[in-house]
>>> print(open('structure-v7.pdb').read())   # PDB, C-alpha atoms, pLDDT in the B column
ATOM      1  CA  MET A   1       0.000   0.000   0.000  1.00 79.00           C
ATOM      2  CA  GLU A   2       1.204   3.478  -0.803  1.00 89.00           C
ATOM      3  CA  PRO A   3       1.539   6.083   1.967  1.00 94.00           C
ATOM      4  CA  CYS A   4      -1.712   7.952   2.548  1.00 96.00           C
ATOM      5  CA  LEU A   5      -3.643  10.204   4.855  1.00 97.00           C
ATOM      6  CA  PHE A   6      -6.669   8.668   6.578  1.00 97.00           C
ATOM      7  CA  VAL A   7      -9.161  11.493   7.116  1.00 98.00           C
ATOM      8  CA  VAL A   8     -11.741  10.193   9.587  1.00 98.00           C
ATOM      9  CA  PHE A   9     -14.979  12.162   9.953  1.00 96.00           C
ATOM     10  CA  GLY A  10     -16.578  11.399  13.316  1.00 94.00           C
ATOM     11  CA  ALA A  11     -13.147  10.668  14.764  1.00 96.00           C
ATOM     12  CA  THR A  12     -14.088  11.002  18.432  1.00 95.00           C
ATOM     13  CA  GLY A  13     -16.987   8.583  18.195  1.00 94.00           C
ATOM     14  CA  ASP A  14     -17.362   5.099  19.599  1.00 94.00           C
ATOM     15  CA  LEU A  15     -16.597   3.323  16.311  1.00 93.00           C
ATOM     16  CA  MET A  16     -13.243   5.081  15.986  1.00 95.00           C
ATOM     17  CA  ARG A  17     -12.410   4.462  19.630  1.00 96.00           C
ATOM     18  CA  ARG A  18     -13.280   0.771  19.775  1.00 95.00           C
ATOM     19  CA  LYS A  19     -12.712  -0.485  16.230  1.00 95.00           C
ATOM     20  CA  LEU A  20     -11.116   1.757  13.622  1.00 96.00           C
ATOM     21  CA  LEU A  21      -8.195   3.227  15.575  1.00 97.00           C
ATOM     22  CA  PRO A  22      -7.175  -0.140  17.086  1.00 97.00           C
ATOM     23  CA  ALA A  23      -7.373  -1.741  13.619  1.00 96.00           C
ATOM     24  CA  LEU A  24      -5.206   0.975  12.054  1.00 96.00           C
ATOM     25  CA  TYR A  25      -2.714   0.687  14.902  1.00 96.00           C
ATOM     26  CA  GLN A  26      -2.515  -3.106  14.517  1.00 95.00           C
ATOM     27  CA  LEU A  27      -1.923  -2.752  10.767  1.00 94.00           C
ATOM     28  CA  ALA A  28       0.845  -0.232  11.404  1.00 94.00           C
ATOM     29  CA  ASP A  29       2.344  -2.348  14.195  1.00 92.00           C
ATOM     30  CA  ARG A  30       2.470  -5.364  11.859  1.00 92.00           C
ATOM     31  CA  ARG A  31       4.072  -3.171   9.183  1.00 91.00           C
ATOM     32  CA  LEU A  32       1.102  -3.624   6.864  1.00 92.00           C
ATOM     33  CA  LEU A  33       0.786   0.155   6.469  1.00 88.00           C
ATOM     34  CA  PRO A  34       3.619   2.303   5.166  1.00 80.00           C
ATOM     35  CA  GLY A  35       5.403   4.187   7.939  1.00 79.00           C
ATOM     36  CA  ARG A  36       4.449   7.558   6.472  1.00 87.00           C
ATOM     37  CA  CYS A  37       0.657   7.007   6.749  1.00 96.00           C
ATOM     38  CA  ARG A  38      -1.023   9.561   8.984  1.00 98.00           C
ATOM     39  CA  ILE A  39      -4.488   9.898  10.526  1.00 98.00           C
ATOM     40  CA  LEU A  40      -6.392  13.194  10.629  1.00 98.00           C
ATOM     41  CA  GLY A  41      -9.371  13.045  12.941  1.00 98.00           C
ATOM     42  CA  ILE A  42     -12.293  15.331  12.135  1.00 97.00           C
ATOM     43  CA  ALA A  43     -15.009  15.986  14.713  1.00 95.00           C
ATOM     44  CA  ARG A  44     -17.227  18.767  16.013  1.00 91.00           C
ATOM     45  CA  ASN A  45     -15.287  19.388  19.214  1.00 90.00           C
ATOM     46  CA  GLU A  46     -13.721  22.804  18.627  1.00 89.00           C
ATOM     47  CA  THR A  47     -11.742  22.720  21.888  1.00 90.00           C
ATOM     48  CA  PHE A  48      -9.825  19.549  20.960  1.00 92.00           C
ATOM     49  CA  THR A  49      -6.245  19.991  19.759  1.00 96.00           C
ATOM     50  CA  ASP A  50      -3.712  17.644  18.219  1.00 97.00           C
ATOM     51  CA  ALA A  51      -2.374  16.979  21.721  1.00 98.00           C
ATOM     52  CA  ALA A  52      -5.836  16.239  23.144  1.00 97.00           C
ATOM     53  CA  PHE A  53      -6.653  13.930  20.230  1.00 98.00           C
ATOM     54  CA  ARG A  54      -3.346  12.108  20.667  1.00 98.00           C
ATOM     55  CA  GLU A  55      -4.086  11.604  24.355  1.00 97.00           C
ATOM     56  CA  TRP A  56      -7.633  10.438  23.495  1.00 97.00           C
ATOM     57  CA  GLY A  57      -6.191   8.018  20.913  1.00 97.00           C
ATOM     58  CA  HIS A  58      -3.579   6.716  23.344  1.00 97.00           C
ATOM     59  CA  ASP A  59      -6.254   6.040  25.958  1.00 97.00           C
ATOM     60  CA  ALA A  60      -8.502   4.356  23.373  1.00 97.00           C
ATOM     61  CA  LEU A  61      -5.687   2.056  22.287  1.00 97.00           C
ATOM     62  CA  VAL A  62      -4.824   1.132  25.885  1.00 97.00           C
ATOM     63  CA  GLU A  63      -8.526   0.369  26.510  1.00 96.00           C
ATOM     64  CA  ALA A  64      -8.446  -1.836  23.399  1.00 95.00           C
ATOM     65  CA  GLY A  65      -5.592  -3.871  24.876  1.00 94.00           C
ATOM     66  CA  VAL A  66      -2.510  -2.245  23.356  1.00 93.00           C
ATOM     67  CA  ALA A  67       0.324  -2.182  25.872  1.00 91.00           C
ATOM     68  CA  ALA A  68       0.980   1.319  27.153  1.00 89.00           C
ATOM     69  CA  GLY A  69       4.545   2.471  26.773  1.00 89.00           C
ATOM     70  CA  ALA A  70       6.948   4.716  24.965  1.00 92.00           C
ATOM     71  CA  SER A  71       6.386   3.109  21.551  1.00 92.00           C
ATOM     72  CA  LEU A  72       2.610   3.625  21.735  1.00 95.00           C
ATOM     73  CA  ARG A  73       3.067   7.237  22.837  1.00 96.00           C
ATOM     74  CA  THR A  74       5.578   7.802  20.013  1.00 95.00           C
ATOM     75  CA  TRP A  75       3.161   6.325  17.447  1.00 96.00           C
ATOM     76  CA  CYS A  76       0.262   8.517  18.632  1.00 97.00           C
ATOM     77  CA  ASP A  77       2.453  11.627  18.611  1.00 97.00           C
ATOM     78  CA  ALA A  78       3.757  10.889  15.120  1.00 96.00           C
ATOM     79  CA  VAL A  79       0.575   9.689  13.417  1.00 97.00           C
ATOM     80  CA  LEU A  80      -2.493  11.346  14.967  1.00 98.00           C
ATOM     81  CA  HIS A  81      -3.690  14.843  14.015  1.00 98.00           C
ATOM     82  CA  TYR A  82      -6.959  16.658  14.673  1.00 98.00           C
ATOM     83  CA  GLN A  83      -9.057  19.286  12.898  1.00 96.00           C
ATOM     84  CA  PRO A  84     -12.405  20.557  14.183  1.00 94.00           C
ATOM     85  CA  LEU A  85     -15.306  20.874  11.766  1.00 92.00           C
ATOM     86  CA  PRO A  86     -18.445  22.085  13.552  1.00 80.00           C
ATOM     87  CA  ALA A  87     -20.956  20.292  11.265  1.00 68.00           C
ATOM     88  CA  ALA A  88     -21.421  18.958   7.745  1.00 57.00           C
ATOM     89  CA  ASP A  89     -23.145  22.220   6.867  1.00 63.00           C
ATOM     90  CA  ALA A  90     -20.263  24.305   8.251  1.00 67.00           C
ATOM     91  CA  GLY A  91     -19.436  27.369   6.208  1.00 79.00           C
ATOM     92  CA  ALA A  92     -16.994  27.380   3.324  1.00 80.00           C
ATOM     93  CA  GLY A  93     -14.302  28.808   5.616  1.00 86.00           C
ATOM     94  CA  ALA A  94     -14.330  25.689   7.791  1.00 89.00           C
ATOM     95  CA  TRP A  95     -13.948  23.472   4.716  1.00 90.00           C
ATOM     96  CA  ARG A  96     -11.120  25.667   3.370  1.00 89.00           C
ATOM     97  CA  ALA A  97      -9.383  25.335   6.747  1.00 92.00           C
ATOM     98  CA  LEU A  98      -9.776  21.567   6.514  1.00 94.00           C
ATOM     99  CA  ALA A  99      -8.351  21.529   2.972  1.00 94.00           C
ATOM    100  CA  ALA A 100      -5.391  23.640   4.109  1.00 95.00           C
ATOM    101  CA  ARG A 101      -4.765  21.327   7.068  1.00 97.00           C
ATOM    102  CA  ILE A 102      -4.837  18.243   4.830  1.00 97.00           C
ATOM    103  CA  GLU A 103      -2.362  19.827   2.440  1.00 96.00           C
ATOM    104  CA  ALA A 104      -0.095  20.900   5.307  1.00 97.00           C
ATOM    105  CA  ILE A 105      -0.004  17.388   6.788  1.00 97.00           C
ATOM    106  CA  GLU A 106       0.683  15.861   3.381  1.00 97.00           C
ATOM    107  CA  ARG A 107       3.476  18.363   2.697  1.00 96.00           C
ATOM    108  CA  GLY A 108       4.946  18.079   6.184  1.00 96.00           C
ATOM    109  CA  HIS A 109       5.129  14.284   6.067  1.00 96.00           C
ATOM    110  CA  GLY A 110       6.056  13.828   2.423  1.00 95.00           C
ATOM    111  CA  LEU A 111       2.750  12.176   1.516  1.00 96.00           C
ATOM    112  CA  PRO A 112       1.929  11.855  -2.187  1.00 95.00           C
ATOM    113  CA  GLY A 113      -1.667  13.098  -1.888  1.00 95.00           C
ATOM    114  CA  ASN A 114      -3.330   9.698  -1.447  1.00 96.00           C
ATOM    115  CA  ARG A 115      -6.393  10.043   0.793  1.00 96.00           C
ATOM    116  CA  VAL A 116      -8.884   7.747   2.454  1.00 96.00           C
ATOM    117  CA  LEU A 117     -11.931   9.815   3.442  1.00 97.00           C
ATOM    118  CA  TYR A 118     -13.650   7.682   6.064  1.00 96.00           C
ATOM    119  CA  LEU A 119     -17.178   8.727   7.048  1.00 95.00           C
ATOM    120  CA  SER A 120     -17.973   7.387  10.503  1.00 92.00           C
ATOM    121  CA  LEU A 121     -21.064   9.569  10.738  1.00 89.00           C
ATOM    122  CA  PRO A 122     -24.769   9.263  11.431  1.00 86.00           C
ATOM    123  CA  PRO A 123     -26.591   8.414   8.185  1.00 83.00           C
ATOM    124  CA  GLY A 124     -28.266  11.837   8.057  1.00 84.00           C
ATOM    125  CA  ALA A 125     -24.902  13.610   7.993  1.00 86.00           C
ATOM    126  CA  VAL A 126     -23.448  11.606   5.097  1.00 88.00           C
ATOM    127  CA  PRO A 127     -25.089  13.349   2.088  1.00 89.00           C
ATOM    128  CA  GLY A 128     -24.187  16.844   3.305  1.00 88.00           C
ATOM    129  CA  THR A 129     -20.622  15.762   4.013  1.00 90.00           C
ATOM    130  CA  ILE A 130     -20.201  14.220   0.555  1.00 91.00           C
ATOM    131  CA  GLU A 131     -21.602  17.373  -1.041  1.00 90.00           C
ATOM    132  CA  ALA A 132     -19.292  19.601   1.034  1.00 90.00           C
ATOM    133  CA  LEU A 133     -16.246  17.439   0.225  1.00 92.00           C
ATOM    134  CA  GLY A 134     -17.003  17.884  -3.479  1.00 90.00           C
ATOM    135  CA  GLN A 135     -17.609  21.625  -3.203  1.00 88.00           C
ATOM    136  CA  ALA A 136     -14.376  22.085  -1.240  1.00 88.00           C
ATOM    137  CA  GLY A 137     -12.395  20.126  -3.843  1.00 91.00           C
ATOM    138  CA  LEU A 138     -11.467  17.462  -1.298  1.00 92.00           C
ATOM    139  CA  ASN A 139     -12.804  14.755  -3.589  1.00 90.00           C
ATOM    140  CA  ARG A 140      -9.682  15.139  -5.749  1.00 90.00           C
ATOM    141  CA  SER A 141      -5.984  15.189  -4.907  1.00 91.00           C
ATOM    142  CA  ARG A 142      -2.533  14.788  -6.426  1.00 92.00           C
ATOM    143  CA  GLY A 143      -2.787  11.066  -5.722  1.00 94.00           C
ATOM    144  CA  TRP A 144      -5.859   8.906  -5.332  1.00 93.00           C
ATOM    145  CA  SER A 145      -8.919   9.570  -3.173  1.00 92.00           C
ATOM    146  CA  ARG A 146     -11.154   6.877  -1.723  1.00 93.00           C
ATOM    147  CA  LEU A 147     -14.438   7.389   0.089  1.00 93.00           C
ATOM    148  CA  VAL A 148     -15.417   4.878   2.788  1.00 93.00           C
ATOM    149  CA  MET A 149     -18.837   4.984   4.441  1.00 88.00           C
ATOM    150  CA  GLU A 150     -19.324   3.168   7.704  1.00 78.00           C
ATOM    151  CA  LYS A 151     -23.061   3.365   8.185  1.00 69.00           C
ATOM    152  CA  PRO A 152     -25.851   1.700   6.217  1.00 74.00           C
ATOM    153  CA  PHE A 153     -25.964   2.970   2.657  1.00 78.00           C
ATOM    154  CA  GLY A 154     -29.356   4.711   2.662  1.00 79.00           C
ATOM    155  CA  ARG A 155     -32.620   3.860   4.403  1.00 81.00           C
ATOM    156  CA  ASP A 156     -34.184   2.027   1.477  1.00 87.00           C
ATOM    157  CA  LEU A 157     -33.568   1.381  -2.230  1.00 90.00           C
ATOM    158  CA  ALA A 158     -34.532   4.903  -3.324  1.00 90.00           C
ATOM    159  CA  SER A 159     -32.329   6.651  -0.753  1.00 86.00           C
ATOM    160  CA  ALA A 160     -29.446   4.259  -1.513  1.00 86.00           C
ATOM    161  CA  GLN A 161     -29.757   5.110  -5.207  1.00 91.00           C
ATOM    162  CA  ASP A 162     -29.785   8.840  -4.390  1.00 89.00           C
ATOM    163  CA  LEU A 163     -26.703   8.457  -2.213  1.00 88.00           C
ATOM    164  CA  ASN A 164     -24.966   6.418  -4.907  1.00 89.00           C
ATOM    165  CA  ALA A 165     -25.701   9.139  -7.492  1.00 91.00           C
ATOM    166  CA  LEU A 166     -24.296  11.778  -5.116  1.00 88.00           C
ATOM    167  CA  VAL A 167     -21.085   9.796  -4.602  1.00 88.00           C
ATOM    168  CA  HIS A 168     -20.669   9.282  -8.353  1.00 88.00           C
ATOM    169  CA  ARG A 169     -21.268  12.966  -9.025  1.00 88.00           C
ATOM    170  CA  HIS A 170     -18.472  13.992  -6.666  1.00 86.00           C
ATOM    171  CA  PHE A 171     -16.017  11.093  -6.687  1.00 84.00           C
ATOM    172  CA  ASP A 172     -16.030   9.496 -10.134  1.00 77.00           C
ATOM    173  CA  GLU A 173     -12.909  10.173 -12.087  1.00 56.00           C
TER     174      GLU A 173
END
>>> encode(input="structure-v7.pdb", output="structure tokens")
Amino acid sequence: MEPCLFVVFGATGDLMRRKLLPALYQLADRRLLPGRCRILGIARNETFTDAAFREWGHDALVEAGVAAGASLRTWCDAVLHYQPLPAADAGAGAWRALAARIEAIERGHGLPGNRVLYLSLPPGAVPGTIEALGQAGLNRSRGWSRLVMEKPFGRDLASAQDLNALVHRHFDE
């Protein structure tokens, strides 16, 4: 796998804490992810900082059974980043700040622009987030972009088809 930036929307939620972050850590620990991969957590908490998110991630990994120690602390400090985004319908300025943060992390860590945009969000927030990602230009990058949705894909066939059309409109190459 090529180095990439995992951008996780809903990064302070239960799914990230119990499943996604421990899985990413295990992959990295087993050297199944390139060493330059980074994780940018996106959530509504505007008081969180990189340091607070790293501490949160450390605690989540310890709760998941990862042995606490210097190597875990070093991994969290090197890999975890945080950017607040008040809501999917946040103004254009919030999305520009997110785009700038993504670019800064990629530049600062020598990443080629490969992105996994992971939506760990309530189903109602998914369409607005996809639309905002497209409008902010975050659906495209120098490398590849992949969209991952964690929740059920729509409520029924019609809403799943609408969601599929929205994804294709913003993420098809």
>>> atom_distance(input="structure-v7.pdb", atom1="atom CA of A:Gly113", atom2="atom CA of A:Ala100")
12.7 Å
>>> closest_residue(input="structure-v7.pdb", among="A:Trp56, A:Met1, A:Leu119, A:Gly91", to="A:Arg31", atoms="only C-alpha atoms")
A:Met1
>>> closest_residue(input="structure-v7.pdb", among="A:Leu5, A:Cys37, A:Ala64, A:Val126", to="A:Ser141", atoms="only C-alpha atoms")
A:Leu5
>>> atom_distance(input="structure-v7.pdb", atom1="atom CA of A:Val167", atom2="atom CA of A:Pro152")
14.3 Å
>>> resolve_selection(input="structure-v7.pdb", expression="the PyMOL selection byres ((chain A and resi 117) around 12)", output="short mmCIF file (atom, residue, chain, number, x, y, z; two decimals) with C-alpha atoms, in the frame of the given file")
data_model
loop_
_atom_site.label_atom_id
_atom_site.label_comp_id
_atom_site.auth_asym_id
_atom_site.auth_seq_id
_atom_site.Cartn_x
_atom_site.Cartn_y
_atom_site.Cartn_z
CA CYS A 4 -1.71 7.95 2.55
CA LEU A 5 -3.64 10.20 4.86
CA PHE A 6 -6.67 8.67 6.58
CA VAL A 7 -9.16 11.49 7.12
CA VAL A 8 -11.74 10.19 9.59
CA PHE A 9 -14.98 12.16 9.95
CA GLY A 10 -16.58 11.40 13.32
CA ALA A 11 -13.15 10.67 14.76
CA ILE A 39 -4.49 9.90 10.53
CA LEU A 40 -6.39 13.19 10.63
CA GLY A 41 -9.37 13.04 12.94
CA ILE A 42 -12.29 15.33 12.14
CA ILE A 102 -4.84 18.24 4.83
CA ASN A 114 -3.33 9.70 -1.45
CA ARG A 115 -6.39 10.04 0.79
CA VAL A 116 -8.88 7.75 2.45
CA TYR A 118 -13.65 7.68 6.06
CA LEU A 119 -17.18 8.73 7.05
CA SER A 120 -17.97 7.39 10.50
CA LEU A 121 -21.06 9.57 10.74
CA VAL A 126 -23.45 11.61 5.10
CA THR A 129 -20.62 15.76 4.01
CA ILE A 130 -20.20 14.22 0.56
CA LEU A 133 -16.25 17.44 0.22
CA GLY A 134 -17.00 17.88 -3.48
CA LEU A 138 -11.47 17.46 -1.30
CA ASN A 139 -12.80 14.76 -3.59
CA ARG A 140 -9.68 15.14 -5.75
CA SER A 141 -5.98 15.19 -4.91
CA TRP A 144 -5.86 8.91 -5.33
CA SER A 145 -8.92 9.57 -3.17
CA ARG A 146 -11.15 6.88 -1.72
CA LEU A 147 -14.44 7.39 0.09
CA VAL A 148 -15.42 4.88 2.79
CA MET A 149 -18.84 4.98 4.44
CA GLU A 150 -19.32 3.17 7.70
CA PHE A 171 -16.02 11.09 -6.69
#
>>> residues_around(input="structure-v7.pdb", residues="A:Leu111", least_positions_apart="6", cutoff="10 Å", atoms="all atoms listed in the file", output="list in words")
Glu2, Pro3, Cys4, Leu5, Arg36, Cys37, Arg38, Glu103, Ala104, Ile105, Arg142 and Gly143 of chain A
>>> build_atoms(input="structure-v7.pdb", residues="stretch 100-111 of chain A", atoms="all heavy atoms", output="short mmCIF file (atom, residue, chain, number, x, y, z; two decimals), keeping the file's coordinate frame")
data_model
loop_
_atom_site.label_atom_id
_atom_site.label_comp_id
_atom_site.auth_asym_id
_atom_site.auth_seq_id
_atom_site.Cartn_x
_atom_site.Cartn_y
_atom_site.Cartn_z
N ALA A 100 -6.74 23.13 3.83
CA ALA A 100 -5.39 23.64 4.11
C ALA A 100 -4.66 22.73 5.09
O ALA A 100 -3.46 22.47 4.94
CB ALA A 100 -5.47 25.06 4.66
N ARG A 101 -5.39 22.23 6.08
CA ARG A 101 -4.76 21.33 7.07
C ARG A 101 -4.34 20.02 6.42
O ARG A 101 -3.25 19.50 6.68
CB ARG A 101 -5.75 21.06 8.21
CG ARG A 101 -5.15 20.22 9.32
CD ARG A 101 -4.07 21.01 10.08
NE ARG A 101 -3.25 20.19 10.92
CZ ARG A 101 -3.56 19.78 12.14
NH1 ARG A 101 -4.70 20.14 12.70
NH2 ARG A 101 -2.73 19.03 12.83
N ILE A 102 -5.19 19.48 5.54
CA ILE A 102 -4.84 18.24 4.83
C ILE A 102 -3.58 18.45 4.01
O ILE A 102 -2.64 17.65 4.06
CB ILE A 102 -6.02 17.78 3.95
CG1 ILE A 102 -7.14 17.22 4.84
CG2 ILE A 102 -5.57 16.74 2.92
CD1 ILE A 102 -8.43 16.94 4.10
N GLU A 103 -3.54 19.54 3.27
CA GLU A 103 -2.36 19.83 2.44
C GLU A 103 -1.11 20.02 3.29
O GLU A 103 -0.02 19.57 2.92
CB GLU A 103 -2.64 21.03 1.56
CG GLU A 103 -3.67 20.74 0.48
CD GLU A 103 -4.17 21.98 -0.24
OE1 GLU A 103 -3.57 23.06 -0.07
OE2 GLU A 103 -5.15 21.86 -0.98
N ALA A 104 -1.24 20.67 4.43
CA ALA A 104 -0.10 20.90 5.31
C ALA A 104 0.44 19.58 5.87
O ALA A 104 1.66 19.38 5.93
CB ALA A 104 -0.47 21.85 6.44
N ILE A 105 -0.44 18.69 6.27
CA ILE A 105 0.00 17.39 6.79
C ILE A 105 0.68 16.59 5.68
O ILE A 105 1.74 16.00 5.89
CB ILE A 105 -1.19 16.61 7.39
CG1 ILE A 105 -1.67 17.30 8.67
CG2 ILE A 105 -0.81 15.15 7.67
CD1 ILE A 105 -2.98 16.77 9.22
N GLU A 106 0.07 16.59 4.50
CA GLU A 106 0.68 15.86 3.38
C GLU A 106 2.07 16.41 3.05
O GLU A 106 3.02 15.64 2.87
CB GLU A 106 -0.23 15.92 2.15
CG GLU A 106 -1.49 15.08 2.31
CD GLU A 106 -2.49 15.24 1.19
OE1 GLU A 106 -2.41 16.23 0.43
OE2 GLU A 106 -3.37 14.37 1.08
N ARG A 107 2.18 17.72 2.98
CA ARG A 107 3.48 18.36 2.70
C ARG A 107 4.48 18.06 3.81
O ARG A 107 5.63 17.69 3.55
CB ARG A 107 3.27 19.87 2.57
CG ARG A 107 3.98 20.53 1.44
CD ARG A 107 3.73 22.04 1.32
NE ARG A 107 3.03 22.72 2.38
CZ ARG A 107 1.72 23.01 2.37
NH1 ARG A 107 0.97 22.69 1.34
NH2 ARG A 107 1.16 23.64 3.39
N GLY A 108 4.05 18.24 5.04
CA GLY A 108 4.95 18.08 6.18
C GLY A 108 5.46 16.66 6.38
O GLY A 108 6.52 16.46 6.98
N HIS A 109 4.72 15.68 5.88
CA HIS A 109 5.13 14.28 6.07
C HIS A 109 5.50 13.60 4.75
O HIS A 109 5.65 12.38 4.71
CB HIS A 109 4.02 13.51 6.79
CG HIS A 109 3.79 14.00 8.18
ND1 HIS A 109 4.65 13.74 9.23
CD2 HIS A 109 2.81 14.78 8.69
CE1 HIS A 109 4.20 14.33 10.32
NE2 HIS A 109 3.09 14.96 10.03
N GLY A 110 5.64 14.38 3.70
CA GLY A 110 6.06 13.83 2.42
C GLY A 110 5.06 12.84 1.83
O GLY A 110 5.47 11.89 1.17
N LEU A 111 3.78 13.07 2.06
CA LEU A 111 2.75 12.18 1.52
C LEU A 111 2.44 12.57 0.08
O LEU A 111 2.43 13.75 -0.26
CB LEU A 111 1.49 12.22 2.37
CG LEU A 111 1.66 11.77 3.82
CD1 LEU A 111 0.36 11.96 4.60
CD2 LEU A 111 2.12 10.33 3.88
#
